[in-house]
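Engineer: Before we start, here is the structure in question, set down as structure tokens.
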Amino acid sequence: SLAGLAFSLTTWHDNNLYDGKTGLITRPVECGMKRQVVSGNGKLYPRIDPVMIACVVSPDNKMCLLGHMMRMPLNFFSCLSGFIEACETIEEAVRREVWEESGVKVGEVTIISSQPWPLGKGDNCELMIGCYAKALTTDINIQDDEVDEVRWFSYEDAKSMVEQSITMKSFRDSSYPYIPGPYAIAHHLVKKFVDDNNSQTNNKIIESDSKRIGFSNYRYYSLVTVLVSVGIGLCYSSIK
């Protein structure tokens with residue numbers, strides 16, 4: 001997380017040495033969290049792109065929908081995701097992206113939590129907004145060129161992938177489908193699907209590693225983020 005924060009801020013600084021509106025030179029201010037136009041009053045703020053990522057559950061709650069992107073390693077599956085467009089709600093973005101990437105229609109959408117992702121497209125920081133979505137249909141019709149495969153996974157398959165991703169066994173053997181590890185919000189969304197199916201027996205998967213970076217444990221990282229931001233700002237103030 002520290003390396004990601006450093007990369008995100010330093011890249012933003014390097015890409016915004018000049019004001020895009022006036023062309024005037026800018027300099028870092030407020031501990032490196034903003035840039036000030038040197039000969040003007042304008043300020044630049046780090047860009048954050050909102051992205052929805054959703055675990056889509058079948059109408060009978062027995063399967064979850066995961067996709068494999070062409071740019072990803074063999075058999076690497078994850079929750080469907082996409083950028084939220086201008087004037088679009090999170091729920092609308094989920095329904096649109098899921099339909100575009102899989103052809104599956106989605107009804108109810110529940111926002112679960114979020115995760116900052118500093119290494120996004122175009123060197124911009126992304127805010128991953130994790131959602132739980134209920135499918136209205138199950139027929140798959142891929143309409144996105146970036147998506148190689150979309151598949152419904154049973155509870156048993158999802159449980160196995162979650163357990164293997166915790167031990168990192170899946171990364172050593174990619175001959176079978178696998179999902180991201182506990183570092184990613186996609187992992188926790190799939191785990192929620194597994195836990196929801198386990199709720200009747202109260203047999204939830206135990207993840208000692210994921211608890212350190214789970215949905216409710218960002219307070220520590222927020223403090224570290226502030227400290228690192230101050231350090232980066234001081235460094236830029238001295239060299240720019």
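By order of appearance in the structure tokens: chains A, B, ..., then residues from 1 within every chain, and ligands from 1 in the order shown.
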Within 8 Å of A:Glu91, counting only C-alpha atoms, which residues show up once you throw out same-chain ones fewer than 4 positions away? Write them as a PDB file with N, CA and C atoms, in the first residue's frame, please.

Structural biologist:
```pdb
ATOM      1  N   ARG A  95     -25.277  -2.339 -13.402  1.00  0.00           N
ATOM      2  CA  ARG A  95     -26.193  -2.986 -14.352  1.00  0.00           C
ATOM      3  C   ARG A  95     -25.679  -2.862 -15.788  1.00  0.00           C
ATOM      4  N   VAL A 109     -29.006  -4.049  -6.525  1.00  0.00           N
ATOM      5  CA  VAL A 109     -27.573  -3.832  -6.322  1.00  0.00           C
ATOM      6  C   VAL A 109     -27.360  -3.288  -4.917  1.00  0.00           C
ATOM      7  N   THR A 110     -26.462  -3.916  -4.175  1.00  0.00           N
ATOM      8  CA  THR A 110     -26.132  -3.481  -2.820  1.00  0.00           C
ATOM      9  C   THR A 110     -24.663  -3.082  -2.756  1.00  0.00           C
TER      10      THR A 110
END
```

Engineer: Give me every helix (DSSP H, G or I) residue in stretch 59-213 of chain A, going by DSSP on the backbone, as a short mmCIF file (atom, residue, chain, number, x, y, z; two decimals) with all heavy atoms, in the first residue's frame.

Structural biologist:
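So selection_37.cif came out as:
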```cif
data_model
loop_
_atom_site.label_atom_id
_atom_site.label_comp_id
_atom_site.auth_asym_id
_atom_site.auth_seq_id
_atom_site.Cartn_x
_atom_site.Cartn_y
_atom_site.Cartn_z
N ILE A 90 -23.90 4.49 -9.05
CA ILE A 90 -23.15 3.24 -8.90
C ILE A 90 -24.01 2.06 -9.35
O ILE A 90 -23.54 1.16 -10.06
CB ILE A 90 -22.71 3.06 -7.44
CG1 ILE A 90 -21.77 4.19 -7.04
CG2 ILE A 90 -22.03 1.71 -7.24
CD1 ILE A 90 -21.43 4.21 -5.56
N GLU A 91 -25.27 2.08 -8.94
CA GLU A 91 -26.17 0.97 -9.30
C GLU A 91 -26.36 0.88 -10.81
O GLU A 91 -26.38 -0.22 -11.38
CB GLU A 91 -27.52 1.16 -8.60
CG GLU A 91 -27.48 1.02 -7.09
CD GLU A 91 -27.06 2.31 -6.39
OE1 GLU A 91 -26.71 3.29 -7.08
OE2 GLU A 91 -27.10 2.34 -5.15
N GLU A 92 -26.51 2.03 -11.47
CA GLU A 92 -26.67 2.03 -12.92
C GLU A 92 -25.40 1.51 -13.61
O GLU A 92 -25.48 0.78 -14.60
CB GLU A 92 -26.97 3.45 -13.40
CG GLU A 92 -28.36 3.95 -13.03
CD GLU A 92 -28.56 5.42 -13.32
OE1 GLU A 92 -27.56 6.14 -13.53
OE2 GLU A 92 -29.72 5.87 -13.36
N ALA A 93 -24.25 1.88 -13.07
CA ALA A 93 -22.99 1.43 -13.65
C ALA A 93 -22.84 -0.08 -13.54
O ALA A 93 -22.37 -0.75 -14.47
CB ALA A 93 -21.82 2.13 -12.96
N VAL A 94 -23.25 -0.63 -12.40
CA VAL A 94 -23.18 -2.09 -12.22
C VAL A 94 -24.06 -2.79 -13.26
O VAL A 94 -23.61 -3.73 -13.93
CB VAL A 94 -23.63 -2.48 -10.80
CG1 VAL A 94 -23.79 -4.00 -10.69
CG2 VAL A 94 -22.62 -1.98 -9.77
N ARG A 95 -25.28 -2.34 -13.40
CA ARG A 95 -26.19 -2.99 -14.35
C ARG A 95 -25.68 -2.86 -15.79
O ARG A 95 -25.75 -3.82 -16.57
CB ARG A 95 -27.58 -2.37 -14.23
CG ARG A 95 -28.21 -2.57 -12.85
CD ARG A 95 -29.65 -2.07 -12.81
NE ARG A 95 -30.22 -2.20 -11.47
CZ ARG A 95 -30.34 -1.21 -10.60
NH1 ARG A 95 -29.97 0.02 -10.95
NH2 ARG A 95 -30.84 -1.41 -9.40
N ARG A 96 -25.14 -1.69 -16.13
CA ARG A 96 -24.64 -1.48 -17.48
C ARG A 96 -23.41 -2.32 -17.76
O ARG A 96 -23.33 -3.00 -18.79
CB ARG A 96 -24.33 0.01 -17.69
CG ARG A 96 -23.69 0.32 -19.05
CD ARG A 96 -23.31 1.78 -19.18
NE ARG A 96 -22.45 2.24 -18.10
CZ ARG A 96 -21.14 1.99 -18.04
NH1 ARG A 96 -20.55 1.25 -18.98
NH2 ARG A 96 -20.42 2.44 -17.02
N GLU A 97 -22.43 -2.27 -16.88
CA GLU A 97 -21.18 -2.99 -17.10
C GLU A 97 -21.38 -4.50 -17.14
O GLU A 97 -20.80 -5.19 -17.98
CB GLU A 97 -20.17 -2.62 -16.01
CG GLU A 97 -19.51 -1.27 -16.20
CD GLU A 97 -18.51 -1.25 -17.34
OE1 GLU A 97 -18.15 -2.32 -17.86
OE2 GLU A 97 -18.08 -0.14 -17.73
N VAL A 98 -22.20 -5.01 -16.24
CA VAL A 98 -22.45 -6.46 -16.22
C VAL A 98 -23.13 -6.89 -17.51
O VAL A 98 -22.78 -7.93 -18.10
CB VAL A 98 -23.30 -6.85 -14.99
CG1 VAL A 98 -23.74 -8.31 -15.09
CG2 VAL A 98 -22.51 -6.61 -13.70
N TRP A 99 -24.07 -6.08 -17.97
CA TRP A 99 -24.76 -6.44 -19.22
C TRP A 99 -23.81 -6.34 -20.41
O TRP A 99 -23.82 -7.21 -21.29
CB TRP A 99 -25.96 -5.52 -19.44
CG TRP A 99 -26.72 -5.86 -20.68
CD1 TRP A 99 -27.66 -6.86 -20.83
CD2 TRP A 99 -26.58 -5.24 -21.96
NE1 TRP A 99 -28.12 -6.89 -22.12
CE2 TRP A 99 -27.48 -5.92 -22.85
CE3 TRP A 99 -25.82 -4.20 -22.46
CZ2 TRP A 99 -27.61 -5.56 -24.18
CZ3 TRP A 99 -25.95 -3.86 -23.80
CH2 TRP A 99 -26.83 -4.52 -24.64
N GLU A 100 -22.96 -5.31 -20.44
CA GLU A 100 -22.03 -5.15 -21.55
C GLU A 100 -21.00 -6.28 -21.60
O GLU A 100 -20.61 -6.73 -22.68
CB GLU A 100 -21.29 -3.81 -21.43
CG GLU A 100 -22.17 -2.60 -21.73
CD GLU A 100 -21.42 -1.29 -21.55
OE1 GLU A 100 -20.24 -1.32 -21.14
OE2 GLU A 100 -22.01 -0.22 -21.84
N GLU A 101 -20.54 -6.72 -20.44
CA GLU A 101 -19.48 -7.72 -20.40
C GLU A 101 -19.98 -9.16 -20.44
O GLU A 101 -19.23 -10.06 -20.81
CB GLU A 101 -18.62 -7.52 -19.15
CG GLU A 101 -17.87 -6.19 -19.14
CD GLU A 101 -16.94 -6.06 -17.96
OE1 GLU A 101 -16.92 -6.97 -17.09
OE2 GLU A 101 -16.21 -5.05 -17.89
N SER A 102 -21.24 -9.38 -20.05
CA SER A 102 -21.72 -10.76 -19.96
C SER A 102 -23.08 -11.00 -20.60
O SER A 102 -23.44 -12.16 -20.86
CB SER A 102 -21.80 -11.19 -18.49
OG SER A 102 -22.82 -10.46 -17.82
N LYS A 121 -5.61 2.49 -14.52
CA LYS A 121 -5.32 2.81 -15.92
C LYS A 121 -4.92 4.28 -16.05
O LYS A 121 -5.42 5.13 -15.35
CB LYS A 121 -6.55 2.53 -16.79
CG LYS A 121 -6.88 1.05 -16.93
CD LYS A 121 -8.05 0.86 -17.87
CE LYS A 121 -8.37 -0.62 -18.06
NZ LYS A 121 -9.53 -0.82 -18.97
N GLY A 122 -4.02 4.54 -16.97
CA GLY A 122 -3.60 5.92 -17.22
C GLY A 122 -2.86 6.53 -16.05
O GLY A 122 -2.83 7.75 -15.90
N ASP A 123 -2.27 5.70 -15.20
CA ASP A 123 -1.51 6.17 -14.05
C ASP A 123 -2.35 6.94 -13.04
O ASP A 123 -1.83 7.73 -12.26
CB ASP A 123 -0.32 7.06 -14.49
CG ASP A 123 0.70 6.29 -15.31
OD1 ASP A 123 0.80 5.06 -15.13
OD2 ASP A 123 1.37 6.92 -16.15
N TYR A 155 -21.31 -22.73 -5.71
CA TYR A 155 -20.83 -22.44 -4.36
C TYR A 155 -19.58 -23.27 -4.04
O TYR A 155 -18.61 -22.76 -3.47
CB TYR A 155 -21.94 -22.75 -3.35
CG TYR A 155 -21.43 -23.08 -1.97
CD1 TYR A 155 -20.92 -22.08 -1.14
CD2 TYR A 155 -21.45 -24.40 -1.51
CE1 TYR A 155 -20.44 -22.39 0.13
CE2 TYR A 155 -20.98 -24.71 -0.25
CZ TYR A 155 -20.47 -23.71 0.56
OH TYR A 155 -19.99 -24.03 1.80
N GLU A 156 -19.60 -24.54 -4.43
CA GLU A 156 -18.45 -25.41 -4.16
C GLU A 156 -17.20 -24.92 -4.88
O GLU A 156 -16.10 -24.91 -4.30
CB GLU A 156 -18.77 -26.86 -4.59
CG GLU A 156 -19.81 -27.57 -3.73
CD GLU A 156 -21.23 -27.15 -4.06
OE1 GLU A 156 -21.41 -26.47 -5.11
OE2 GLU A 156 -22.14 -27.48 -3.28
N ASP A 157 -17.35 -24.50 -6.13
CA ASP A 157 -16.20 -23.98 -6.88
C ASP A 157 -15.68 -22.70 -6.24
O ASP A 157 -14.46 -22.51 -6.09
CB ASP A 157 -16.61 -23.70 -8.33
CG ASP A 157 -16.89 -24.96 -9.11
OD1 ASP A 157 -16.36 -26.02 -8.73
OD2 ASP A 157 -17.65 -24.89 -10.10
N ALA A 158 -16.59 -21.79 -5.89
CA ALA A 158 -16.18 -20.52 -5.29
C ALA A 158 -15.48 -20.74 -3.95
O ALA A 158 -14.46 -20.10 -3.66
CB ALA A 158 -17.39 -19.61 -5.11
N LYS A 159 -16.00 -21.65 -3.15
CA LYS A 159 -15.39 -21.93 -1.86
C LYS A 159 -13.98 -22.46 -2.04
O LYS A 159 -13.05 -22.07 -1.33
CB LYS A 159 -16.24 -22.94 -1.09
CG LYS A 159 -15.68 -23.28 0.28
CD LYS A 159 -16.57 -24.26 1.01
CE LYS A 159 -15.99 -24.61 2.38
NZ LYS A 159 -16.83 -25.59 3.11
N SER A 160 -13.79 -23.36 -2.99
CA SER A 160 -12.47 -23.92 -3.26
C SER A 160 -11.50 -22.84 -3.71
O SER A 160 -10.33 -22.80 -3.27
CB SER A 160 -12.57 -25.02 -4.32
OG SER A 160 -11.29 -25.51 -4.66
N MET A 161 -11.96 -21.93 -4.58
CA MET A 161 -11.08 -20.86 -5.08
C MET A 161 -10.70 -19.90 -3.96
O MET A 161 -9.57 -19.42 -3.91
CB MET A 161 -11.77 -20.13 -6.23
CG MET A 161 -11.86 -20.96 -7.51
SD MET A 161 -12.40 -19.99 -8.95
CE MET A 161 -14.09 -19.61 -8.50
N VAL A 162 -11.65 -19.59 -3.07
CA VAL A 162 -11.34 -18.70 -1.95
C VAL A 162 -10.30 -19.33 -1.04
O VAL A 162 -9.31 -18.70 -0.65
CB VAL A 162 -12.61 -18.36 -1.15
CG1 VAL A 162 -12.25 -17.65 0.16
CG2 VAL A 162 -13.54 -17.49 -1.97
N GLU A 163 -10.49 -20.61 -0.72
CA GLU A 163 -9.55 -21.29 0.17
C GLU A 163 -8.16 -21.38 -0.45
O GLU A 163 -7.15 -21.19 0.23
CB GLU A 163 -10.09 -22.68 0.50
CG GLU A 163 -11.33 -22.67 1.37
CD GLU A 163 -11.95 -24.04 1.54
OE1 GLU A 163 -11.63 -24.93 0.72
OE2 GLU A 163 -12.73 -24.23 2.48
N GLN A 164 -8.09 -21.67 -1.74
CA GLN A 164 -6.80 -21.77 -2.40
C GLN A 164 -6.11 -20.42 -2.52
O GLN A 164 -4.88 -20.32 -2.44
CB GLN A 164 -6.97 -22.41 -3.79
CG GLN A 164 -7.32 -23.88 -3.75
CD GLN A 164 -7.44 -24.48 -5.14
OE1 GLN A 164 -7.20 -23.80 -6.13
NE2 GLN A 164 -7.81 -25.75 -5.20
N SER A 165 -6.89 -19.36 -2.70
CA SER A 165 -6.29 -18.04 -2.83
C SER A 165 -5.70 -17.55 -1.51
O SER A 165 -4.77 -16.75 -1.49
CB SER A 165 -7.33 -17.02 -3.33
OG SER A 165 -8.35 -16.83 -2.36
N ILE A 166 -6.24 -18.04 -0.39
CA ILE A 166 -5.70 -17.68 0.92
C ILE A 166 -4.32 -18.28 1.12
O ILE A 166 -3.40 -17.65 1.63
CB ILE A 166 -6.65 -18.14 2.05
CG1 ILE A 166 -8.00 -17.43 1.93
CG2 ILE A 166 -6.03 -17.85 3.42
CD1 ILE A 166 -9.06 -17.98 2.85
N THR A 167 -4.16 -19.53 0.71
CA THR A 167 -2.88 -20.23 0.87
C THR A 167 -1.93 -19.96 -0.28
O THR A 167 -0.80 -20.43 -0.27
CB THR A 167 -3.11 -21.74 0.96
OG1 THR A 167 -3.72 -22.20 -0.27
CG2 THR A 167 -4.04 -22.08 2.11
N LYS A 169 -2.02 -21.25 -3.04
CA LYS A 169 -1.81 -22.47 -3.80
C LYS A 169 -2.20 -22.30 -5.25
O LYS A 169 -1.57 -22.84 -6.16
CB LYS A 169 -2.61 -23.62 -3.18
CG LYS A 169 -2.47 -24.95 -3.91
CD LYS A 169 -3.29 -26.03 -3.23
CE LYS A 169 -3.17 -27.34 -4.00
NZ LYS A 169 -4.01 -28.41 -3.36
N SER A 170 -3.26 -21.52 -5.49
CA SER A 170 -3.77 -21.35 -6.85
C SER A 170 -2.77 -20.65 -7.75
O SER A 170 -2.73 -20.87 -8.96
CB SER A 170 -5.08 -20.55 -6.82
OG SER A 170 -4.88 -19.31 -6.17
N PHE A 171 -1.92 -19.78 -7.16
CA PHE A 171 -0.95 -19.05 -7.97
C PHE A 171 0.21 -19.94 -8.39
O PHE A 171 0.91 -19.64 -9.35
CB PHE A 171 -0.43 -17.83 -7.20
CG PHE A 171 -1.50 -16.82 -6.90
CD1 PHE A 171 -2.22 -16.88 -5.72
CD2 PHE A 171 -1.80 -15.83 -7.82
CE1 PHE A 171 -3.22 -15.95 -5.46
CE2 PHE A 171 -2.79 -14.90 -7.56
CZ PHE A 171 -3.51 -14.96 -6.38
N ARG A 172 0.41 -21.02 -7.65
CA ARG A 172 1.47 -21.95 -8.02
C ARG A 172 1.00 -22.96 -9.06
O ARG A 172 1.79 -23.56 -9.77
CB ARG A 172 1.97 -22.69 -6.77
CG ARG A 172 2.61 -21.77 -5.74
CD ARG A 172 3.33 -22.58 -4.68
NE ARG A 172 2.41 -23.39 -3.89
CZ ARG A 172 1.85 -22.97 -2.76
NH1 ARG A 172 2.11 -21.76 -2.30
NH2 ARG A 172 1.03 -23.75 -2.08
N ILE A 185 -10.31 -6.44 -3.25
CA ILE A 185 -11.70 -6.41 -2.83
C ILE A 185 -12.52 -7.49 -3.52
O ILE A 185 -13.50 -7.99 -2.97
CB ILE A 185 -12.31 -5.00 -3.08
CG1 ILE A 185 -13.67 -4.88 -2.38
CG2 ILE A 185 -12.41 -4.70 -4.56
CD1 ILE A 185 -14.23 -3.48 -2.41
N ALA A 186 -12.11 -7.88 -4.73
CA ALA A 186 -12.82 -8.95 -5.45
C ALA A 186 -12.82 -10.23 -4.64
O ALA A 186 -13.82 -10.97 -4.61
CB ALA A 186 -12.17 -9.17 -6.82
N HIS A 187 -11.71 -10.51 -3.98
CA HIS A 187 -11.61 -11.71 -3.14
C HIS A 187 -12.68 -11.69 -2.05
O HIS A 187 -13.36 -12.69 -1.81
CB HIS A 187 -10.21 -11.78 -2.53
CG HIS A 187 -10.05 -12.83 -1.48
ND1 HIS A 187 -9.56 -14.09 -1.77
CD2 HIS A 187 -10.33 -12.84 -0.15
CE1 HIS A 187 -9.52 -14.81 -0.66
NE2 HIS A 187 -9.99 -14.07 0.32
N HIS A 188 -12.85 -10.55 -1.40
CA HIS A 188 -13.79 -10.44 -0.28
C HIS A 188 -15.24 -10.48 -0.77
O HIS A 188 -16.11 -10.95 -0.04
CB HIS A 188 -13.51 -9.16 0.49
CG HIS A 188 -12.15 -9.14 1.13
ND1 HIS A 188 -11.88 -9.71 2.35
CD2 HIS A 188 -10.97 -8.64 0.69
CE1 HIS A 188 -10.61 -9.55 2.65
NE2 HIS A 188 -10.03 -8.90 1.66
N LEU A 189 -15.48 -10.01 -1.97
CA LEU A 189 -16.84 -10.10 -2.52
C LEU A 189 -17.21 -11.56 -2.80
O LEU A 189 -18.33 -11.99 -2.52
CB LEU A 189 -16.93 -9.28 -3.80
CG LEU A 189 -16.83 -7.75 -3.62
CD1 LEU A 189 -16.77 -7.07 -4.99
CD2 LEU A 189 -17.99 -7.22 -2.80
N VAL A 190 -16.26 -12.32 -3.36
CA VAL A 190 -16.52 -13.74 -3.61
C VAL A 190 -16.66 -14.48 -2.28
O VAL A 190 -17.50 -15.37 -2.13
CB VAL A 190 -15.40 -14.35 -4.47
CG1 VAL A 190 -15.64 -15.86 -4.65
CG2 VAL A 190 -15.33 -13.67 -5.82
N LYS A 191 -15.82 -14.11 -1.32
CA LYS A 191 -15.90 -14.74 0.00
C LYS A 191 -17.25 -14.46 0.66
O LYS A 191 -17.79 -15.33 1.37
CB LYS A 191 -14.76 -14.24 0.89
CG LYS A 191 -14.75 -14.88 2.27
CD LYS A 191 -13.59 -14.37 3.09
CE LYS A 191 -13.63 -14.99 4.48
NZ LYS A 191 -14.80 -14.56 5.27
N LYS A 192 -17.80 -13.27 0.44
CA LYS A 192 -19.12 -12.96 0.99
C LYS A 192 -20.18 -13.90 0.41
O LYS A 192 -21.06 -14.38 1.12
CB LYS A 192 -19.49 -11.50 0.70
CG LYS A 192 -20.93 -11.15 1.08
CD LYS A 192 -21.24 -9.69 0.88
CE LYS A 192 -22.74 -9.43 0.96
NZ LYS A 192 -23.36 -9.98 2.18
N PHE A 193 -20.06 -14.18 -0.90
CA PHE A 193 -20.99 -15.12 -1.53
C PHE A 193 -20.87 -16.50 -0.87
O PHE A 193 -21.88 -17.15 -0.58
CB PHE A 193 -20.69 -15.23 -3.04
CG PHE A 193 -21.28 -16.44 -3.70
CD1 PHE A 193 -22.64 -16.51 -3.95
CD2 PHE A 193 -20.48 -17.51 -4.07
CE1 PHE A 193 -23.20 -17.63 -4.56
CE2 PHE A 193 -21.02 -18.63 -4.67
CZ PHE A 193 -22.39 -18.69 -4.91
N VAL A 194 -19.65 -16.93 -0.61
CA VAL A 194 -19.43 -18.24 0.03
C VAL A 194 -19.98 -18.23 1.45
O VAL A 194 -20.68 -19.15 1.87
CB VAL A 194 -17.93 -18.60 0.03
CG1 VAL A 194 -17.68 -19.87 0.83
CG2 VAL A 194 -17.43 -18.76 -1.39
N ASP A 195 -19.69 -17.17 2.20
CA ASP A 195 -20.15 -17.08 3.59
C ASP A 195 -21.67 -17.00 3.67
O ASP A 195 -22.27 -17.56 4.59
CB ASP A 195 -19.53 -15.87 4.28
CG ASP A 195 -18.06 -16.07 4.60
OD1 ASP A 195 -17.61 -17.24 4.59
OD2 ASP A 195 -17.36 -15.07 4.86
N ASP A 196 -22.28 -16.30 2.72
CA ASP A 196 -23.75 -16.23 2.72
C ASP A 196 -24.37 -17.60 2.52
O ASP A 196 -25.40 -17.91 3.10
CB ASP A 196 -24.22 -15.28 1.62
CG ASP A 196 -23.99 -13.82 1.98
OD1 ASP A 196 -23.62 -13.56 3.14
OD2 ASP A 196 -24.16 -12.95 1.09
N ASN A 197 -23.72 -18.43 1.69
CA ASN A 197 -24.22 -19.79 1.48
C ASN A 197 -23.91 -20.70 2.65
O ASN A 197 -24.52 -21.75 2.81
CB ASN A 197 -23.63 -20.37 0.20
CG ASN A 197 -24.37 -19.96 -1.05
OD1 ASN A 197 -25.30 -20.62 -1.50
ND2 ASN A 197 -23.98 -18.82 -1.60
N ASN A 198 -22.94 -20.29 3.47
CA ASN A 198 -22.57 -21.06 4.65
C ASN A 198 -23.32 -20.62 5.90
O ASN A 198 -23.16 -21.21 6.96
CB ASN A 198 -21.07 -20.92 4.93
CG ASN A 198 -20.26 -21.95 4.16
OD1 ASN A 198 -20.75 -23.00 3.79
ND2 ASN A 198 -19.00 -21.63 3.91
N SER A 210 -6.58 -12.00 5.59
CA SER A 210 -7.48 -11.02 4.98
C SER A 210 -8.05 -10.06 6.01
O SER A 210 -8.45 -8.96 5.68
CB SER A 210 -8.62 -11.73 4.26
OG SER A 210 -9.45 -12.42 5.19
N LYS A 211 -8.09 -10.48 7.27
CA LYS A 211 -8.64 -9.59 8.29
C LYS A 211 -7.82 -8.33 8.43
O LYS A 211 -8.33 -7.29 8.81
CB LYS A 211 -8.71 -10.32 9.64
CG LYS A 211 -9.82 -11.37 9.71
CD LYS A 211 -9.85 -12.04 11.06
CE LYS A 211 -10.97 -13.09 11.12
NZ LYS A 211 -11.00 -13.77 12.43
N ARG A 212 -6.54 -8.43 8.12
CA ARG A 212 -5.69 -7.26 8.25
C ARG A 212 -6.00 -6.22 7.18
O ARG A 212 -5.66 -5.06 7.32
CB ARG A 212 -4.22 -7.68 8.15
CG ARG A 212 -3.78 -8.52 9.34
CD ARG A 212 -2.27 -8.51 9.44
NE ARG A 212 -1.66 -9.13 8.29
CZ ARG A 212 -1.31 -10.40 8.23
NH1 ARG A 212 -1.54 -11.19 9.26
NH2 ARG A 212 -0.74 -10.91 7.14
N ILE A 213 -6.62 -6.65 6.09
CA ILE A 213 -6.94 -5.70 5.03
C ILE A 213 -8.40 -5.80 4.62
O ILE A 213 -8.77 -5.52 3.51
CB ILE A 213 -6.05 -5.96 3.79
CG1 ILE A 213 -6.17 -7.42 3.35
CG2 ILE A 213 -4.62 -5.61 4.07
CD1 ILE A 213 -5.41 -7.70 2.09
#
```

Engineer: Quick one: DSSP strand (DSSP E or B) residues in stretch 34-222 of chain A, as a VMD selection string?

Structural biologist: chain A and resid 34 to 37 43 to 44 48 to 57 63 to 69 76 78 80 to 83 106 to 117 125 to 135 147 to 154 178

Engineer: Show me, as a ChimeraX atom specification, the residues that have an atom within 10 Å of stretch 13-25 of chain A when counting only C-alpha atoms, minus same-chain residues fewer than 5 positions from it.

Structural biologist: /A:7-8,32-40,42-46,123,233,236,240

Engineer: Could you pull the residues within 9 Å of A:Phe83, counting only C-alpha atoms, minus those fewer than 3 positions along the same chain, as a tab-separated table (two decimals) with C-alpha atoms, in the first residue's frame?

Structural biologist:
```
chain	number	residue	atom	x	y	z
A	49	ASP	CA	-11.44	7.49	-11.03
A	50	PRO	CA	-14.51	5.71	-9.57
A	51	VAL	CA	-14.81	2.06	-10.60
A	52	MET	CA	-17.58	-0.39	-9.78
A	53	ILE	CA	-16.74	-4.04	-9.13
A	93	ALA	CA	-22.99	1.43	-13.65
A	97	GLU	CA	-21.18	-2.99	-17.10
```

Engineer: For atom CA of A:Ser114 and atom CA of A:Met128, determine how far apart the two atoms are, in Å to one decimal place.

Structural biologist: 5.4 Å

Engineer: Excluding same-chain residues fewer than 2 positions from A:Cys64, what lies within 10 Å of it counting only C-alpha atoms, as JSON, numbers by chain?

Structural biologist: {"A": [55, 56, 57, 58, 59, 61, 62, 66, 79, 133, 134, 135, 151, 152, 153, 154, 155, 157, 158, 190, 193, 194]}

Engineer: Record the distance separating atom CA of A:Tyr176 and atom CA of A:Pro118, expressed in Å with one decimal.

Structural biologist: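 These atoms are spaced 28.8 Å apart.
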
Engineer: Distance atom CA of A:Glu88-atom CA of A:Met70, one decimal place?

Structural biologist: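 Separation of atom CA of A:Glu88 and atom CA of A:Met70: 26.4 Å.
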